[in-house]
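Have a look at query_34.pdb; it's PDB, C-alpha atoms:
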```
ATOM      1  CA  GLN A 184      19.119   2.332  -0.675
ATOM      2  CA  VAL A 185      16.020   0.432   0.377
ATOM      3  CA  GLN A 186      14.463  -1.705  -2.323
ATOM      4  CA  LEU A 187      10.866  -2.878  -2.229
ATOM      5  CA  VAL A 188       9.366  -5.937  -3.873
ATOM      6  CA  GLU A 189       5.608  -6.465  -3.998
ATOM      7  CA  SER A 190       4.008  -9.885  -4.312
ATOM      8  CA  GLY A 191       0.675 -11.595  -3.869
ATOM      9  CA  GLY A 192      -1.197 -10.157  -6.823
ATOM     10  CA  GLY A 193      -3.233 -12.262  -9.196
ATOM     11  CA  LEU A 194      -6.632 -12.947 -10.678
ATOM     12  CA  VAL A 195      -9.596 -13.261  -8.335
ATOM     13  CA  GLN A 196     -13.354 -13.216  -8.702
ATOM     14  CA  ALA A 197     -15.424 -10.368  -7.354
ATOM     15  CA  GLY A 198     -16.067 -10.866  -3.652
ATOM     16  CA  GLY A 199     -12.798 -12.700  -3.173
ATOM     17  CA  SER A 200      -9.699 -11.809  -1.204
ATOM     18  CA  LEU A 201      -5.992 -11.302  -1.761
ATOM     19  CA  ARG A 202      -3.123 -10.368   0.522
ATOM     20  CA  LEU A 203      -0.348  -8.302  -0.950
ATOM     21  CA  SER A 204       3.106  -8.232   0.580
ATOM     22  CA  CYS A 205       5.834  -5.639   0.255
ATOM     23  CA  ALA A 206       9.235  -6.910   1.325
ATOM     24  CA  ALA A 207      12.206  -4.620   1.830
ATOM     25  CA  SER A 208      15.904  -5.229   1.374
ATOM     26  CA  GLY A 209      18.932  -3.030   1.762
ATOM     27  CA  GLY A 210      17.640  -1.402   4.909
ATOM     28  CA  THR A 211      15.094  -1.526   7.676
ATOM     29  CA  LEU A 212      11.561  -0.195   7.348
ATOM     30  CA  SER A 213      11.165   0.537  11.031
ATOM     31  CA  SER A 214      11.700   4.300  10.564
ATOM     32  CA  TYR A 215       9.414   4.614   7.570
ATOM     33  CA  ALA A 216       5.773   5.265   6.980
ATOM     34  CA  MET A 217       4.643   2.823   4.301
ATOM     35  CA  GLY A 218       1.906   3.353   1.772
ATOM     36  CA  TRP A 219       0.044   1.405  -0.870
ATOM     37  CA  PHE A 220      -1.013   3.015  -4.120
ATOM     38  CA  ARG A 221      -2.667   1.638  -7.231
ATOM     39  CA  GLN A 222      -2.870   2.502 -10.901
ATOM     40  CA  ALA A 223      -5.824   1.312 -12.915
ATOM     41  CA  PRO A 224      -5.646   1.099 -16.723
ATOM     42  CA  GLY A 225      -5.819   4.556 -18.242
ATOM     43  CA  LYS A 226      -5.779   6.301 -14.871
ATOM     44  CA  GLU A 227      -3.241   8.021 -12.702
ATOM     45  CA  ARG A 228      -1.710   6.308  -9.725
ATOM     46  CA  ALA A 229      -3.871   6.821  -6.642
ATOM     47  CA  PHE A 230      -3.525   6.472  -2.897
ATOM     48  CA  VAL A 231      -4.948   3.379  -1.186
ATOM     49  CA  ALA A 232      -3.650   3.242   2.393
ATOM     50  CA  VAL A 233      -0.745   4.208   4.623
ATOM     51  CA  ILE A 234       0.599   2.948   7.932
ATOM     52  CA  GLY A 235       2.863   4.674  10.411
ATOM     53  CA  TRP A 236       6.323   3.444  11.380
ATOM     54  CA  SER A 237       5.108   1.509  14.416
ATOM     55  CA  GLY A 238       1.817   0.368  12.931
ATOM     56  CA  GLY A 239      -0.069   2.514  15.398
ATOM     57  CA  THR A 240      -1.748   4.792  12.871
ATOM     58  CA  THR A 241      -3.359   4.109   9.520
ATOM     59  CA  TYR A 242      -5.241   6.064   6.918
ATOM     60  CA  TYR A 243      -7.343   4.759   4.022
ATOM     61  CA  GLN A 244      -8.894   5.937   0.830
ATOM     62  CA  ASP A 245     -12.652   6.101   1.365
ATOM     63  CA  SER A 246     -13.463   3.506  -1.292
ATOM     64  CA  VAL A 247     -11.464   0.775   0.483
ATOM     65  CA  LYS A 248     -12.395   1.489   4.094
ATOM     66  CA  GLY A 249     -13.873  -1.574   5.728
ATOM     67  CA  ARG A 250     -12.575  -3.850   2.956
ATOM     68  CA  PHE A 251      -8.796  -3.365   2.989
ATOM     69  CA  THR A 252      -6.442  -3.555   5.953
ATOM     70  CA  ILE A 253      -2.857  -2.354   5.942
ATOM     71  CA  SER A 254      -0.435  -3.853   8.459
ATOM     72  CA  ARG A 255       3.265  -4.303   8.967
ATOM     73  CA  ASP A 256       5.769  -6.612  10.602
ATOM     74  CA  ASN A 257       8.954  -4.660  11.201
ATOM     75  CA  ALA A 258      10.774  -7.789  12.356
ATOM     76  CA  LYS A 259      10.181  -9.242   8.895
ATOM     77  CA  ASN A 260      10.709  -5.916   7.144
ATOM     78  CA  THR A 261       7.390  -6.418   5.383
ATOM     79  CA  VAL A 262       4.180  -4.483   4.877
ATOM     80  CA  TYR A 263       0.888  -6.107   3.943
ATOM     81  CA  LEU A 264      -2.381  -5.147   2.334
ATOM     82  CA  GLN A 265      -5.251  -7.520   3.068
ATOM     83  CA  MET A 266      -7.959  -6.976   0.478
ATOM     84  CA  ASN A 267     -11.405  -8.448   1.063
ATOM     85  CA  THR A 268     -14.678  -8.192  -0.821
ATOM     86  CA  LEU A 269     -12.810  -7.255  -3.956
ATOM     87  CA  LYS A 270     -14.624  -5.454  -6.757
ATOM     88  CA  PRO A 271     -13.813  -5.184 -10.466
ATOM     89  CA  GLU A 272     -12.954  -1.524  -9.903
ATOM     90  CA  ASP A 273     -10.110  -2.631  -7.622
ATOM     91  CA  THR A 274      -8.304  -3.955 -10.706
ATOM     92  CA  ALA A 275      -4.968  -2.167 -10.915
ATOM     93  CA  VAL A 276      -1.246  -2.447 -10.485
ATOM     94  CA  TYR A 277      -0.550  -2.051  -6.775
ATOM     95  CA  TYR A 278       2.601  -0.336  -5.550
ATOM     96  CA  CYS A 279       4.111   0.050  -2.126
ATOM     97  CA  ALA A 280       6.159   3.084  -1.188
ATOM     98  CA  GLY A 281       8.138   4.319   1.779
ATOM     99  CA  ARG A 282       8.775   7.656   3.394
ATOM    100  CA  ARG A 283      11.268   8.201   6.193
ATOM    101  CA  TYR A 284       9.029   9.498   8.955
ATOM    102  CA  VAL A 285       8.581   8.685  12.613
ATOM    103  CA  GLY A 286       5.227   9.964  13.708
ATOM    104  CA  PRO A 287       1.496   9.497  13.147
ATOM    105  CA  VAL A 288       0.421   9.363   9.530
ATOM    106  CA  LEU A 289      -1.693  12.223   8.276
ATOM    107  CA  PRO A 290      -4.124  12.747   5.373
ATOM    108  CA  SER A 291      -1.289  14.504   3.545
ATOM    109  CA  PHE A 292       0.307  11.090   3.052
ATOM    110  CA  ARG A 293      -2.156  10.609   0.201
ATOM    111  CA  ASP A 294       0.289  12.670  -1.857
ATOM    112  CA  GLN A 295       2.595  10.248  -3.671
ATOM    113  CA  GLY A 296       5.192  12.992  -3.972
ATOM    114  CA  ARG A 297       5.894  12.625  -0.261
ATOM    115  CA  TYR A 298       7.399   9.142  -0.677
ATOM    116  CA  ASP A 299      11.092   8.418  -1.021
ATOM    117  CA  PHE A 300      11.148   5.062  -2.786
ATOM    118  CA  TRP A 301       8.822   2.681  -4.579
ATOM    119  CA  GLY A 302       8.441  -0.936  -5.566
ATOM    120  CA  GLN A 303       7.811  -2.171  -9.098
ATOM    121  CA  GLY A 304       4.197  -3.141  -8.539
ATOM    122  CA  THR A 305       2.050  -6.254  -8.609
ATOM    123  CA  GLN A 306      -1.006  -6.759 -10.796
ATOM    124  CA  VAL A 307      -4.412  -7.379  -9.230
ATOM    125  CA  THR A 308      -7.260  -8.324 -11.531
ATOM    126  CA  VAL A 309     -10.794  -8.764 -10.241
ATOM    127  CA  SER A 310     -13.243 -10.453 -12.588
ATOM    128  CA  SER A 311     -16.971  -9.851 -12.423
TER
END
```
Please lay out the structure from this file as structure tokens.
Amino acid sequence: QVQLVESGGGLVQAGGSLRLSCAASGGTLSSYAMGWFRQAPGKERAFVAVIGWSGGTTYYQDSVKGRFTISRDNAKNTVYLQMNTLKPEDTAVYYCAGRRYVGPVLPSFRDQGRYDFWGQGTQVTVSS
């Protein structure tokens, strides 16, 4: 069973940047689409971005387009989320998730029910 561990969260001022990492153990991520989700206080967990197994396709939530970049390094078994121009409304616990799928990612990957396994999350707090 693949296990995911997120890291890189923290406290940052509005306009700042953070890079989240999601490292896998117990298996290789090379056959998985990988997504990032977030859960803000008092809200349901929501889709942020997803990347296909080879890194060739990505899909983003509209509110993070142009600010966040998802990427992966299959040799390191790690997925990243580069977050720039952070806003207070980006404050949330960020989770990575994997779905066994070899193909281009689709808008349907916004559905968290499509993912097979999840990490424990990392807190991101953006102060105004």
Inset, instruction - Using only C-alpha atoms, find the one residue out of A:Phe220, A:Phe230, A:Tyr263, A:Tyr242 that sits nearest to A:Trp301. - result: A:Phe220
Legend entry - Protein, DNA and RNA residues within 6 Å of (11.3, 8.3, 6.5), only C-alpha atoms, as a ChimeraX atom specification: /A:214-215,282-284
Legend entry - Expansion of the PyMOL selection byres ((chain A and resi 251) around 12) into residues, as a VMD selection string: chain A and resid 199 to 203 219 231 to 233 241 to 250 252 to 254 263 to 270 273
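Between A:Gln295 and the candidates A:Ala206, A:Met217, A:Ser237, A:Thr211, the tightest atom-to-atom separation, counting all atoms listed in the file, involves A:Met217.
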So for stretch 290-301 of chain A, what box centre and size do we get, axis-aligned, 3 Å extra on each of the six sides, every listed atom, Å to one decimal, as JSON?
```
{"center_x": 3.5, "center_y": 8.6, "center_z": 0.4, "size_x": 21.3, "size_y": 17.8, "size_z": 16.0}
```
Inset, instruction - For each of A:Gln303, A:Gln222, A:Gln196, A:Ser310, take the minimum atom-to-atom distance to A:Cys279, counting all atoms listed in the file, then give the residue where this is smallest. - result: A:Gln303
Inset, instruction - Could you expand the PyMOL selection byres ((chain A and resi 189-193) around 6) into the explicit residues it covers here, written as number ranges by chain? - result: A: 188, 194, 202-205, 304-307
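Using all atoms listed in the file for every distance, the candidate list A:Glu227, A:Asp256, A:Glu272, A:Asp299 yields A:Glu272 as the residue closest to A:Gly198.
Using only C-alpha atoms, the nearest neighbour of A:Gly296 within the list A:Thr308, A:Ser213, A:Thr274, A:Gly218 is A:Gly218.
Every residue within 9 Å of the file position (-3.6, -3.7, -18.9), judged by all atoms listed in the file, is given as Ala223, Pro224, Gly225, Ala275 and Val276 of chain A.
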Inset, instruction - Provide the atom CA of A:Gln184 to atom CA of A:Gly286 distance in Å, to one decimal place. - result: 21.4 Å
Just save stretch 236-254 of chain A with N, CA and C atoms, as a compact mmCIF listing (two decimals), in the first residue's frame.
```txt
# COMPACT_ATOMS: atom_id res chain seq x y z
N TRP A 236 0.08 10.93 -14.86
CA TRP A 236 1.15 10.03 -14.44
C TRP A 236 2.51 10.43 -14.97
N SER A 237 2.57 11.01 -16.15
CA SER A 237 3.85 11.38 -16.75
C SER A 237 4.18 12.85 -16.54
N GLY A 238 3.23 13.59 -15.98
CA GLY A 238 3.43 15.03 -15.83
C GLY A 238 3.00 15.81 -17.06
N GLY A 239 2.48 15.12 -18.06
CA GLY A 239 2.16 15.78 -19.31
C GLY A 239 0.87 16.56 -19.30
N THR A 240 -0.03 16.24 -18.39
CA THR A 240 -1.30 16.96 -18.32
C THR A 240 -1.55 17.42 -16.89
N THR A 241 -2.16 18.58 -16.78
CA THR A 241 -2.52 19.14 -15.48
C THR A 241 -3.90 19.78 -15.57
N TYR A 242 -4.47 19.98 -14.42
CA TYR A 242 -5.78 20.63 -14.35
C TYR A 242 -5.86 21.34 -13.01
N TYR A 243 -6.39 22.59 -13.02
CA TYR A 243 -6.38 23.41 -11.81
C TYR A 243 -7.77 23.93 -11.49
N GLN A 244 -7.98 24.14 -10.22
CA GLN A 244 -9.14 24.91 -9.79
C GLN A 244 -8.96 26.34 -10.29
N ASP A 245 -10.05 26.98 -10.68
CA ASP A 245 -9.94 28.31 -11.28
C ASP A 245 -9.26 29.32 -10.36
N SER A 246 -9.52 29.24 -9.07
CA SER A 246 -9.01 30.26 -8.15
C SER A 246 -7.49 30.21 -7.97
N VAL A 247 -6.84 29.12 -8.40
CA VAL A 247 -5.39 29.02 -8.23
C VAL A 247 -4.64 29.08 -9.55
N LYS A 248 -5.35 29.12 -10.65
CA LYS A 248 -4.69 29.18 -11.95
C LYS A 248 -3.81 30.42 -12.04
N GLY A 249 -2.61 30.22 -12.54
CA GLY A 249 -1.67 31.33 -12.66
C GLY A 249 -0.88 31.60 -11.40
N ARG A 250 -1.29 31.02 -10.27
CA ARG A 250 -0.56 31.21 -9.01
C ARG A 250 0.09 29.92 -8.53
N PHE A 251 -0.58 28.81 -8.73
CA PHE A 251 -0.08 27.51 -8.26
C PHE A 251 0.39 26.68 -9.46
N THR A 252 1.42 25.88 -9.22
CA THR A 252 1.91 24.97 -10.24
C THR A 252 2.14 23.60 -9.63
N ILE A 253 1.50 22.60 -10.21
CA ILE A 253 1.71 21.22 -9.77
C ILE A 253 2.76 20.58 -10.68
N SER A 254 3.64 19.78 -10.08
CA SER A 254 4.67 19.09 -10.85
C SER A 254 5.00 17.79 -10.15
```
